[in-house]
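As provided, entry-v2.pdb (PDB, C-alpha atoms, pLDDT in the B column) reads as follows.
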ATOM      1  CA  MET A   4      10.788   4.866 -22.864  1.00 68.00           C
ATOM      2  CA  ALA A   5      14.185   4.566 -21.199  1.00 84.00           C
ATOM      3  CA  ILE A   6      15.360   5.675 -17.782  1.00 88.00           C
ATOM      4  CA  LEU A   7      18.905   5.630 -16.446  1.00 89.00           C
ATOM      5  CA  ALA A   8      19.479   3.400 -13.411  1.00 88.00           C
ATOM      6  CA  GLY A   9      20.933   6.436 -11.602  1.00 88.00           C
ATOM      7  CA  ASP A  10      17.521   8.187 -11.867  1.00 89.00           C
ATOM      8  CA  ILE A  11      15.544   5.419 -10.143  1.00 90.00           C
ATOM      9  CA  LYS A  12      13.293   6.512  -7.257  1.00 89.00           C
ATOM     10  CA  LYS A  13      10.675   4.762  -5.109  1.00 86.00           C
ATOM     11  CA  ASN A  14       7.435   3.828  -6.908  1.00 81.00           C
ATOM     12  CA  VAL A  15       9.038   4.011 -10.373  1.00 86.00           C
ATOM     13  CA  CYS A  16       7.701   1.189 -12.560  1.00 87.00           C
ATOM     14  CA  LEU A  17      10.137  -0.763 -14.742  1.00 89.00           C
ATOM     15  CA  ARG A  18       9.677  -3.484 -17.364  1.00 89.00           C
ATOM     16  CA  LEU A  19      12.533  -5.972 -16.973  1.00 89.00           C
ATOM     17  CA  ASP A  20      13.973  -8.431 -19.505  1.00 87.00           C
ATOM     18  CA  ASP A  21      11.367 -11.063 -18.537  1.00 86.00           C
ATOM     19  CA  GLY A  22       8.624  -8.714 -19.842  1.00 84.00           C
ATOM     20  CA  LYS A  23       7.065  -8.308 -16.400  1.00 87.00           C
ATOM     21  CA  ILE A  24       6.458  -4.984 -14.672  1.00 87.00           C
ATOM     22  CA  TYR A  25       8.105  -4.258 -11.335  1.00 88.00           C
ATOM     23  CA  VAL A  26       7.720  -1.313  -8.967  1.00 86.00           C
ATOM     24  CA  VAL A  27      10.749   0.014  -7.071  1.00 89.00           C
ATOM     25  CA  ILE A  28      10.120  -0.331  -3.321  1.00 88.00           C
ATOM     26  CA  ASP A  29      13.621   0.610  -2.168  1.00 91.00           C
ATOM     27  CA  PHE A  30      16.891   1.801  -3.697  1.00 93.00           C
ATOM     28  CA  LEU A  31      20.429   2.609  -2.604  1.00 93.00           C
ATOM     29  CA  HIS A  32      23.049   4.593  -4.529  1.00 90.00           C
ATOM     30  CA  VAL A  33      26.397   2.834  -3.841  1.00 90.00           C
ATOM     31  CA  LYS A  34      29.771   4.378  -4.661  1.00 89.00           C
ATOM     32  CA  PRO A  35      32.452   1.747  -3.989  1.00 83.00           C
ATOM     33  CA  GLY A  36      36.110   2.655  -3.434  1.00 82.00           C
ATOM     34  CA  LYS A  37      36.991   1.582  -6.959  1.00 83.00           C
ATOM     35  CA  GLY A  38      34.858   0.528  -9.846  1.00 83.00           C
ATOM     36  CA  ASN A  39      31.565   1.883 -11.153  1.00 86.00           C
ATOM     37  CA  THR A  40      28.895   3.554  -9.069  1.00 89.00           C
ATOM     38  CA  VAL A  41      25.876   1.237  -8.858  1.00 91.00           C
ATOM     39  CA  MET A  42      22.209   1.423  -7.920  1.00 93.00           C
ATOM     40  CA  ARG A  43      20.954  -1.407  -5.688  1.00 93.00           C
ATOM     41  CA  THR A  44      17.198  -1.856  -5.853  1.00 94.00           C
ATOM     42  CA  LYS A  45      14.403  -3.902  -4.326  1.00 94.00           C
ATOM     43  CA  LEU A  46      11.610  -4.507  -6.813  1.00 92.00           C
ATOM     44  CA  ARG A  47       8.095  -5.941  -6.367  1.00 86.00           C
ATOM     45  CA  ASN A  48       6.413  -7.804  -9.220  1.00 85.00           C
ATOM     46  CA  VAL A  49       3.024  -6.107  -9.710  1.00 81.00           C
ATOM     47  CA  GLU A  50       1.348  -9.368 -10.807  1.00 76.00           C
ATOM     48  CA  ASP A  51       2.310 -11.768  -8.026  1.00 75.00           C
ATOM     49  CA  GLY A  52       3.907  -9.542  -5.366  1.00 75.00           C
ATOM     50  CA  ARG A  53       7.266 -11.356  -5.351  1.00 84.00           C
ATOM     51  CA  VAL A  54      10.197  -9.184  -4.277  1.00 89.00           C
ATOM     52  CA  LEU A  55      13.604  -9.386  -5.902  1.00 92.00           C
ATOM     53  CA  GLU A  56      16.855  -7.433  -5.686  1.00 94.00           C
ATOM     54  CA  ARG A  57      18.730  -6.112  -8.711  1.00 93.00           C
ATOM     55  CA  THR A  58      21.896  -4.040  -9.076  1.00 93.00           C
ATOM     56  CA  TRP A  59      22.759  -1.892 -12.104  1.00 91.00           C
ATOM     57  CA  ILE A  60      25.574   0.487 -12.944  1.00 91.00           C
ATOM     58  CA  VAL A  61      24.122   4.018 -12.843  1.00 90.00           C
ATOM     59  CA  SER A  62      24.551   4.533 -16.595  1.00 90.00           C
ATOM     60  CA  ALA A  63      22.481   1.442 -17.519  1.00 90.00           C
ATOM     61  CA  LYS A  64      19.337   2.172 -19.555  1.00 91.00           C
ATOM     62  CA  LEU A  65      16.153   0.524 -18.263  1.00 91.00           C
ATOM     63  CA  ASP A  66      12.659   0.282 -19.747  1.00 89.00           C
ATOM     64  CA  ASP A  67      10.460   2.758 -17.863  1.00 85.00           C
ATOM     65  CA  VAL A  68       6.688   2.169 -17.804  1.00 87.00           C
ATOM     66  CA  GLN A  69       4.593   5.317 -18.324  1.00 85.00           C
ATOM     67  CA  VAL A  70       2.227   5.550 -15.388  1.00 84.00           C
ATOM     68  CA  SER A  71      -0.773   7.757 -14.680  1.00 86.00           C
ATOM     69  CA  HIS A  72      -2.473   8.151 -11.317  1.00 85.00           C
ATOM     70  CA  GLN A  73      -6.224   8.066 -10.734  1.00 89.00           C
ATOM     71  CA  GLN A  74      -8.438   8.052  -7.688  1.00 90.00           C
ATOM     72  CA  PHE A  75     -10.838   5.158  -7.087  1.00 92.00           C
ATOM     73  CA  GLN A  76     -13.594   4.715  -4.492  1.00 92.00           C
ATOM     74  CA  TYR A  77     -13.856   1.325  -2.773  1.00 91.00           C
ATOM     75  CA  LEU A  78     -17.314  -0.226  -3.284  1.00 92.00           C
ATOM     76  CA  TYR A  79     -17.313  -3.861  -2.095  1.00 90.00           C
ATOM     77  CA  LYS A  80     -15.444  -7.185  -1.960  1.00 88.00           C
ATOM     78  CA  GLU A  81     -16.038  -9.799  -4.669  1.00 88.00           C
ATOM     79  CA  GLY A  82     -14.171 -13.078  -4.105  1.00 85.00           C
ATOM     80  CA  ASP A  83     -10.437 -12.354  -3.837  1.00 81.00           C
ATOM     81  CA  ASP A  84     -10.831  -9.025  -5.642  1.00 85.00           C
ATOM     82  CA  LEU A  85     -12.037  -5.657  -4.437  1.00 89.00           C
ATOM     83  CA  VAL A  86     -14.393  -3.642  -6.643  1.00 91.00           C
ATOM     84  CA  PHE A  87     -13.649   0.052  -7.127  1.00 92.00           C
ATOM     85  CA  MET A  88     -15.259   2.901  -9.036  1.00 92.00           C
ATOM     86  CA  ASN A  89     -13.209   5.386 -11.036  1.00 88.00           C
ATOM     87  CA  THR A  90     -14.240   8.770  -9.580  1.00 85.00           C
ATOM     88  CA  GLU A  91     -13.911  10.482 -12.989  1.00 86.00           C
ATOM     89  CA  SER A  92     -15.562   8.029 -15.406  1.00 87.00           C
ATOM     90  CA  PHE A  93     -17.728   6.119 -12.841  1.00 89.00           C
ATOM     91  CA  GLU A  94     -16.470   2.887 -14.432  1.00 90.00           C
ATOM     92  CA  GLN A  95     -16.186  -0.106 -12.073  1.00 92.00           C
ATOM     93  CA  VAL A  96     -12.972  -2.141 -11.971  1.00 90.00           C
ATOM     94  CA  ASN A  97     -11.793  -5.160 -10.001  1.00 89.00           C
ATOM     95  CA  ILE A  98      -8.388  -4.883  -8.322  1.00 85.00           C
ATOM     96  CA  ALA A  99      -6.635  -7.874  -6.774  1.00 81.00           C
ATOM     97  CA  LYS A 100      -6.264  -7.435  -3.005  1.00 80.00           C
ATOM     98  CA  GLU A 101      -2.511  -8.168  -3.042  1.00 76.00           C
ATOM     99  CA  VAL A 102      -1.928  -5.145  -5.341  1.00 78.00           C
ATOM    100  CA  ILE A 103      -3.430  -2.768  -2.745  1.00 84.00           C
ATOM    101  CA  THR A 104      -1.297  -1.401   0.069  1.00 83.00           C
ATOM    102  CA  GLY A 105      -3.517  -1.256   3.178  1.00 86.00           C
ATOM    103  CA  GLY A 106      -6.348  -3.223   1.538  1.00 85.00           C
ATOM    104  CA  ASP A 107      -7.525  -4.702   4.859  1.00 87.00           C
ATOM    105  CA  PHE A 108      -8.476  -1.254   6.160  1.00 90.00           C
ATOM    106  CA  LEU A 109     -10.768  -0.130   3.336  1.00 89.00           C
ATOM    107  CA  LYS A 110     -14.285   0.924   4.303  1.00 88.00           C
ATOM    108  CA  GLU A 111     -17.052   0.182   1.784  1.00 87.00           C
ATOM    109  CA  GLY A 112     -18.338   3.269  -0.015  1.00 85.00           C
ATOM    110  CA  GLU A 113     -16.045   5.674   1.802  1.00 81.00           C
ATOM    111  CA  THR A 114     -12.365   4.916   1.287  1.00 77.00           C
ATOM    112  CA  MET A 115     -10.525   6.392  -1.684  1.00 86.00           C
ATOM    113  CA  VAL A 116      -7.361   4.809  -3.065  1.00 90.00           C
ATOM    114  CA  MET A 117      -4.800   6.255  -5.457  1.00 88.00           C
ATOM    115  CA  ALA A 118      -3.995   3.791  -8.253  1.00 87.00           C
ATOM    116  CA  SER A 119      -1.031   3.725 -10.627  1.00 85.00           C
ATOM    117  CA  ILE A 120      -2.088   2.679 -14.133  1.00 86.00           C
ATOM    118  CA  ASP A 121       0.116   1.499 -17.030  1.00 84.00           C
ATOM    119  CA  GLU A 122      -0.707   4.013 -19.782  1.00 85.00           C
ATOM    120  CA  SER A 123       0.075   1.575 -22.612  1.00 82.00           C
ATOM    121  CA  THR A 124      -2.262  -1.226 -21.465  1.00 83.00           C
ATOM    122  CA  GLY A 125      -4.611   0.403 -18.936  1.00 82.00           C
ATOM    123  CA  THR A 126      -3.578  -2.186 -16.321  1.00 81.00           C
ATOM    124  CA  ILE A 127      -3.688  -1.159 -12.663  1.00 83.00           C
ATOM    125  CA  LEU A 128      -0.186  -1.724 -11.307  1.00 82.00           C
ATOM    126  CA  THR A 129      -0.511  -0.638  -7.686  1.00 82.00           C
ATOM    127  CA  ALA A 130      -3.074   1.003  -5.430  1.00 86.00           C
ATOM    128  CA  GLU A 131      -2.552   2.654  -2.074  1.00 86.00           C
ATOM    129  CA  ALA A 132      -5.056   3.265   0.692  1.00 88.00           C
ATOM    130  CA  PRO A 133      -4.746   6.524   2.626  1.00 90.00           C
ATOM    131  CA  ILE A 134      -1.886   6.291   5.137  1.00 90.00           C
ATOM    132  CA  LYS A 135      -4.218   6.846   8.107  1.00 92.00           C
ATOM    133  CA  VAL A 136      -7.879   5.849   8.380  1.00 91.00           C
ATOM    134  CA  VAL A 137     -10.462   6.164  11.163  1.00 92.00           C
ATOM    135  CA  LEU A 138     -12.281   2.922  12.014  1.00 93.00           C
ATOM    136  CA  GLN A 139     -14.617   1.780  14.770  1.00 92.00           C
ATOM    137  CA  VAL A 140     -13.701  -1.025  17.167  1.00 92.00           C
ATOM    138  CA  THR A 141     -16.425  -3.696  16.890  1.00 93.00           C
ATOM    139  CA  TYR A 142     -15.020  -6.111  19.470  1.00 93.00           C
ATOM    140  CA  THR A 143     -12.426  -6.028  22.216  1.00 90.00           C
ATOM    141  CA  GLU A 144     -12.221  -6.936  25.885  1.00 88.00           C
ATOM    142  CA  PRO A 145     -13.408  -4.116  28.192  1.00 84.00           C
ATOM    143  CA  GLY A 146     -10.816  -1.443  28.942  1.00 68.00           C
ATOM    144  CA  PHE A 147      -9.826  -0.031  32.298  1.00 66.00           C
ATOM    145  CA  ALA A 148      -9.257   3.623  33.155  1.00 62.00           C
ATOM    146  CA  GLY A 149      -5.680   4.369  34.077  1.00 60.00           C
ATOM    147  CA  ASN A 150      -4.146   1.703  31.836  1.00 55.00           C
ATOM    148  CA  THR A 151      -2.005   4.229  30.001  1.00 58.00           C
ATOM    149  CA  ALA A 152       1.326   3.920  31.838  1.00 58.00           C
ATOM    150  CA  THR A 153       2.465   0.677  30.204  1.00 67.00           C
ATOM    151  CA  ASN A 154       2.829  -0.347  26.597  1.00 77.00           C
ATOM    152  CA  ALA A 155       0.533  -3.339  27.098  1.00 82.00           C
ATOM    153  CA  THR A 156      -1.857  -4.076  24.249  1.00 86.00           C
ATOM    154  CA  LYS A 157      -4.806  -6.321  23.518  1.00 90.00           C
ATOM    155  CA  PRO A 158      -6.453  -7.585  20.314  1.00 92.00           C
ATOM    156  CA  ALA A 159      -9.330  -5.587  18.814  1.00 92.00           C
ATOM    157  CA  THR A 160     -11.509  -6.311  15.788  1.00 93.00           C
ATOM    158  CA  LEU A 161     -12.300  -3.329  13.570  1.00 93.00           C
ATOM    159  CA  GLU A 162     -15.408  -2.676  11.460  1.00 92.00           C
ATOM    160  CA  THR A 163     -13.581  -3.938   8.352  1.00 90.00           C
ATOM    161  CA  GLY A 164     -13.047  -7.326  10.048  1.00 90.00           C
ATOM    162  CA  VAL A 165      -9.303  -6.999  10.540  1.00 92.00           C
ATOM    163  CA  GLU A 166      -7.765  -7.547  13.980  1.00 93.00           C
ATOM    164  CA  ILE A 167      -5.030  -5.253  15.321  1.00 94.00           C
ATOM    165  CA  ARG A 168      -3.341  -4.607  18.674  1.00 92.00           C
ATOM    166  CA  VAL A 169      -4.613  -1.612  20.681  1.00 91.00           C
ATOM    167  CA  PRO A 170      -3.830  -0.147  24.132  1.00 89.00           C
ATOM    168  CA  LEU A 171      -5.733  -1.572  27.120  1.00 86.00           C
ATOM    169  CA  PHE A 172      -7.932   1.555  27.559  1.00 87.00           C
ATOM    170  CA  ILE A 173      -9.663   1.136  24.169  1.00 88.00           C
ATOM    171  CA  ASN A 174     -13.284  -0.064  24.376  1.00 89.00           C
ATOM    172  CA  GLU A 175     -15.814  -1.517  21.977  1.00 91.00           C
ATOM    173  CA  GLY A 176     -17.401   1.287  19.936  1.00 91.00           C
ATOM    174  CA  ASP A 177     -14.355   3.608  20.149  1.00 92.00           C
ATOM    175  CA  LEU A 178     -13.138   5.291  16.974  1.00 93.00           C
ATOM    176  CA  ILE A 179      -9.417   4.856  16.418  1.00 94.00           C
ATOM    177  CA  GLU A 180      -6.917   6.010  13.833  1.00 94.00           C
ATOM    178  CA  VAL A 181      -4.910   3.216  12.168  1.00 94.00           C
ATOM    179  CA  ASP A 182      -1.757   3.376  10.035  1.00 93.00           C
ATOM    180  CA  THR A 183      -2.617   1.299   6.927  1.00 90.00           C
ATOM    181  CA  ARG A 184       1.034   0.618   6.035  1.00 86.00           C
ATOM    182  CA  ASP A 185       1.630  -1.675   9.020  1.00 90.00           C
ATOM    183  CA  GLY A 186      -1.767  -1.952  10.735  1.00 89.00           C
ATOM    184  CA  SER A 187      -0.622  -0.166  13.851  1.00 91.00           C
ATOM    185  CA  TYR A 188      -2.791   1.813  16.276  1.00 92.00           C
ATOM    186  CA  VAL A 189      -2.138   5.579  16.102  1.00 92.00           C
ATOM    187  CA  THR A 190      -4.609   7.303  18.448  1.00 92.00           C
ATOM    188  CA  ARG A 191      -8.142   7.264  19.808  1.00 91.00           C
ATOM    189  CA  ILE A 192     -10.487   9.781  18.176  1.00 90.00           C
ATOM    190  CA  LYS A 193     -12.622  11.914  20.487  1.00 83.00           C
ATOM    191  CA  GLU A 194     -16.172  12.398  19.208  1.00 71.00           C
TER
END
I'd like the structure from this file rewritten - as structure tokens, please.
Amino acid sequence: MAILAGDIKKNVCLRLDDGKIYVVIDFLHVKPGKGNTVMRTKLRNVEDGRVLERTWIVSAKLDDVQVSHQQFQYLYKEGDDLVFMNTESFEQVNIAKEVITGGDFLKEGETMVMASIDESTGTILTAEAPIKVVLQVTYTEPGFAGNTATNATKPATLETGVEIRVPLFINEGDLIEVDTRDGSYVTRIKE
């Protein structure tokens, strides 16, 4: 199916001339003083994660990939892949970790991801963890009351094994909210 370059949006999947599928991660509609209006895009290869930039005139026809979205539950890690269960068919599938946005913050048995699937081949193109997740701090240096005035941070290891920077008042055992897009601390959760 074809899509005009002028209709490109974020997360649209395109099949380029090399036969590979790319997802649009950023775009800019540019109208120069003279000449044709163009669409500048940043694309990520869904197989290897490489990012490239392409520019098309807005009337150019591109090969659009038909995509469906399904929810998957994270089960466990197996080598470099993560194993998920389709919440509708209960079928288990392996998804490469580099395809998953926020993959380091997934909690076994609990976290749901939304996956984009190529309708023609059934291939999982991308998967996204929820934007914010609540995780427990399993290790950090002891905090001190009153350390809220500065923007000083310290390292903390979360229950998923990933290390992030947290404010000085966070202690071991605290529940915190984390932004999975960049791994940043959001807030401490009161129990």
Pull out every residue that the PyMOL selection byres ((chain A and resi 31) around 7) matches in the shown coordinates and put them as a VMD selection string.
chain A and resid 30 32 to 33 42 to 44
Put those residues in a file: C-alpha atoms, as a short mmCIF file (atom, residue, chain, number, x, y, z; two decimals), keeping the file's coordinate frame.
data_model
loop_
_atom_site.label_atom_id
_atom_site.label_comp_id
_atom_site.auth_asym_id
_atom_site.auth_seq_id
_atom_site.Cartn_x
_atom_site.Cartn_y
_atom_site.Cartn_z
CA PHE A 30 16.89 1.80 -3.70
CA HIS A 32 23.05 4.59 -4.53
CA VAL A 33 26.40 2.83 -3.84
CA MET A 42 22.21 1.42 -7.92
CA ARG A 43 20.95 -1.41 -5.69
CA THR A 44 17.20 -1.86 -5.85
#
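If you measure from each of A:Glu194, A:Asp84, A:Glu91, A:Asp107 to A:Ile167 using all atoms listed in the file, the closest one turns out to be A:Asp107.
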Show me as a ChimeraX atom specification the residues that reach within 7 Å of (-17.3, -5.6, 19.3), counting all atoms listed in the file and using the file's own coordinates.
/A:140-143,160,175-176
Could you write out the selected residues, including C-alpha atoms, as a PDB file, in the frame of the given file?
ATOM      1  CA  VAL A 140     -13.701  -1.025  17.167  1.00 92.00           C
ATOM      2  CA  THR A 141     -16.425  -3.696  16.890  1.00 93.00           C
ATOM      3  CA  TYR A 142     -15.020  -6.111  19.470  1.00 93.00           C
ATOM      4  CA  THR A 143     -12.426  -6.028  22.216  1.00 90.00           C
ATOM      5  CA  THR A 160     -11.509  -6.311  15.788  1.00 93.00           C
ATOM      6  CA  GLU A 175     -15.814  -1.517  21.977  1.00 91.00           C
ATOM      7  CA  GLY A 176     -17.401   1.287  19.936  1.00 91.00           C
TER       8      GLY A 176
END
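When only C-alpha atoms are used to compute distances to A:Thr104, the closest of the residues A:Asp185, A:Glu166, A:Glu81, A:Glu122 turns out to be A:Asp185.
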What is the distance between atom CA of A:Lys100 and atom CA of A:Gln69, in Å to one decimal?
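These two atoms are separated by 22.7 Å.
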Any chance you could turn stretch 43-139 of chain A into a file with C-alpha atoms, as a PDB file, in the first residue's frame?
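The result, written out as out.pdb:
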ATOM      1  CA  ARG A  43      12.678  15.379   6.359  1.00  0.00           C
ATOM      2  CA  THR A  44      12.546  12.173   8.369  1.00  0.00           C
ATOM      3  CA  LYS A  45      14.577  10.164  10.853  1.00  0.00           C
ATOM      4  CA  LEU A  46      13.985   6.445  10.440  1.00  0.00           C
ATOM      5  CA  ARG A  47      15.005   3.467  12.610  1.00  0.00           C
ATOM      6  CA  ASN A  48      15.628   0.071  11.027  1.00  0.00           C
ATOM      7  CA  VAL A  49      13.426  -2.390  12.951  1.00  0.00           C
ATOM      8  CA  GLU A  50      15.919  -5.258  12.492  1.00  0.00           C
ATOM      9  CA  ASP A  51      19.180  -3.715  13.676  1.00  0.00           C
ATOM     10  CA  GLY A  52      18.143  -0.383  15.224  1.00  0.00           C
ATOM     11  CA  ARG A  53      20.301   1.768  12.923  1.00  0.00           C
ATOM     12  CA  VAL A  54      18.992   5.303  12.426  1.00  0.00           C
ATOM     13  CA  LEU A  55      19.123   7.090   9.097  1.00  0.00           C
ATOM     14  CA  GLU A  56      17.791  10.361   7.698  1.00  0.00           C
ATOM     15  CA  ARG A  57      15.845  10.631   4.450  1.00  0.00           C
ATOM     16  CA  THR A  58      14.207  13.560   2.665  1.00  0.00           C
ATOM     17  CA  TRP A  59      11.347  13.265   0.162  1.00  0.00           C
ATOM     18  CA  ILE A  60       9.223  15.752  -1.734  1.00  0.00           C
ATOM     19  CA  VAL A  61       5.744  15.681  -0.160  1.00  0.00           C
ATOM     20  CA  SER A  62       4.132  14.179  -3.269  1.00  0.00           C
ATOM     21  CA  ALA A  63       6.467  11.140  -3.329  1.00  0.00           C
ATOM     22  CA  LYS A  64       4.718   7.771  -2.940  1.00  0.00           C
ATOM     23  CA  LEU A  65       6.249   5.444  -0.339  1.00  0.00           C
ATOM     24  CA  ASP A  66       5.541   1.806   0.516  1.00  0.00           C
ATOM     25  CA  ASP A  67       3.516   1.780   3.745  1.00  0.00           C
ATOM     26  CA  VAL A  68       3.584  -1.361   5.915  1.00  0.00           C
ATOM     27  CA  GLN A  69       0.183  -2.384   7.313  1.00  0.00           C
ATOM     28  CA  VAL A  70       0.576  -2.638  11.062  1.00  0.00           C
ATOM     29  CA  SER A  71      -1.674  -4.004  13.790  1.00  0.00           C
ATOM     30  CA  HIS A  72      -1.209  -3.454  17.510  1.00  0.00           C
ATOM     31  CA  GLN A  73      -1.445  -6.153  20.170  1.00  0.00           C
ATOM     32  CA  GLN A  74      -0.765  -6.300  23.871  1.00  0.00           C
ATOM     33  CA  PHE A  75       1.822  -8.734  25.240  1.00  0.00           C
ATOM     34  CA  GLN A  76       2.690  -9.677  28.830  1.00  0.00           C
ATOM     35  CA  TYR A  77       6.382  -9.961  29.725  1.00  0.00           C
ATOM     36  CA  LEU A  78       7.216 -13.436  31.087  1.00  0.00           C
ATOM     37  CA  TYR A  79      11.006 -13.864  31.367  1.00  0.00           C
ATOM     38  CA  LYS A  80      14.421 -13.276  29.768  1.00  0.00           C
ATOM     39  CA  GLU A  81      15.940 -15.951  27.517  1.00  0.00           C
ATOM     40  CA  GLY A  82      19.448 -15.123  26.266  1.00  0.00           C
ATOM     41  CA  ASP A  83      19.352 -11.799  24.400  1.00  0.00           C
ATOM     42  CA  ASP A  84      15.602 -12.100  23.814  1.00  0.00           C
ATOM     43  CA  LEU A  85      12.658 -11.436  26.082  1.00  0.00           C
ATOM     44  CA  VAL A  86       9.754 -13.894  26.104  1.00  0.00           C
ATOM     45  CA  PHE A  87       6.230 -12.481  25.950  1.00  0.00           C
ATOM     46  CA  MET A  88       2.735 -13.944  25.916  1.00  0.00           C
ATOM     47  CA  ASN A  89       0.043 -12.651  23.579  1.00  0.00           C
ATOM     48  CA  THR A  90      -2.813 -11.710  25.944  1.00  0.00           C
ATOM     49  CA  GLU A  91      -5.454 -12.760  23.378  1.00  0.00           C
ATOM     50  CA  SER A  92      -4.135 -16.072  22.012  1.00  0.00           C
ATOM     51  CA  PHE A  93      -1.819 -16.990  24.965  1.00  0.00           C
ATOM     52  CA  GLU A  94       0.882 -17.778  22.387  1.00  0.00           C
ATOM     53  CA  GLN A  95       4.476 -17.172  23.534  1.00  0.00           C
ATOM     54  CA  VAL A  96       6.849 -15.156  21.347  1.00  0.00           C
ATOM     55  CA  ASN A  97      10.466 -14.053  21.653  1.00  0.00           C
ATOM     56  CA  ILE A  98      11.191 -10.372  21.010  1.00  0.00           C
ATOM     57  CA  ALA A  99      14.723  -9.028  20.651  1.00  0.00           C
ATOM     58  CA  LYS A 100      15.551  -6.603  23.473  1.00  0.00           C
ATOM     59  CA  GLU A 101      16.730  -3.851  21.094  1.00  0.00           C
ATOM     60  CA  VAL A 102      13.242  -3.727  19.487  1.00  0.00           C
ATOM     61  CA  ILE A 103      11.629  -2.848  22.844  1.00  0.00           C
ATOM     62  CA  THR A 104      11.519   0.742  24.041  1.00  0.00           C
ATOM     63  CA  GLY A 105      12.069   0.670  27.824  1.00  0.00           C
ATOM     64  CA  GLY A 106      13.020  -3.027  27.854  1.00  0.00           C
ATOM     65  CA  ASP A 107      15.301  -2.630  30.893  1.00  0.00           C
ATOM     66  CA  PHE A 108      12.346  -1.690  33.100  1.00  0.00           C
ATOM     67  CA  LEU A 109      10.092  -4.685  32.438  1.00  0.00           C
ATOM     68  CA  LYS A 110       8.938  -6.660  35.468  1.00  0.00           C
ATOM     69  CA  GLU A 111       8.469 -10.416  34.991  1.00  0.00           C
ATOM     70  CA  GLY A 112       4.829 -11.494  34.893  1.00  0.00           C
ATOM     71  CA  GLU A 113       3.451  -8.003  35.399  1.00  0.00           C
ATOM     72  CA  THR A 114       4.492  -5.570  32.682  1.00  0.00           C
ATOM     73  CA  MET A 115       2.413  -5.255  29.526  1.00  0.00           C
ATOM     74  CA  VAL A 116       3.885  -3.934  26.283  1.00  0.00           C
ATOM     75  CA  MET A 117       2.114  -2.746  23.149  1.00  0.00           C
ATOM     76  CA  ALA A 118       3.652  -4.310  20.032  1.00  0.00           C
ATOM     77  CA  SER A 119       3.359  -3.233  16.401  1.00  0.00           C
ATOM     78  CA  ILE A 120       3.093  -6.242  14.082  1.00  0.00           C
ATOM     79  CA  ASP A 121       3.580  -6.372  10.289  1.00  0.00           C
ATOM     80  CA  GLU A 122       0.239  -7.754   9.065  1.00  0.00           C
ATOM     81  CA  SER A 123       1.739  -9.348   5.939  1.00  0.00           C
ATOM     82  CA  THR A 124       4.420 -11.415   7.717  1.00  0.00           C
ATOM     83  CA  GLY A 125       3.376 -11.464  11.387  1.00  0.00           C
ATOM     84  CA  THR A 126       6.772 -10.009  12.365  1.00  0.00           C
ATOM     85  CA  ILE A 127       6.949  -7.853  15.491  1.00  0.00           C
ATOM     86  CA  LEU A 128       8.376  -4.512  14.384  1.00  0.00           C
ATOM     87  CA  THR A 129       8.457  -2.530  17.618  1.00  0.00           C
ATOM     88  CA  ALA A 130       7.286  -2.891  21.203  1.00  0.00           C
ATOM     89  CA  GLU A 131       6.866  -0.211  23.830  1.00  0.00           C
ATOM     90  CA  ALA A 132       6.831  -0.555  27.595  1.00  0.00           C
ATOM     91  CA  PRO A 133       4.422   1.670  29.520  1.00  0.00           C
ATOM     92  CA  ILE A 134       5.816   5.211  29.761  1.00  0.00           C
ATOM     93  CA  LYS A 135       5.922   5.095  33.574  1.00  0.00           C
ATOM     94  CA  VAL A 136       6.456   2.038  35.773  1.00  0.00           C
ATOM     95  CA  VAL A 137       6.695   1.554  39.545  1.00  0.00           C
ATOM     96  CA  LEU A 138       9.765  -0.386  40.705  1.00  0.00           C
ATOM     97  CA  GLN A 139      11.397  -1.114  44.047  1.00  0.00           C
TER      98      GLN A 139
END
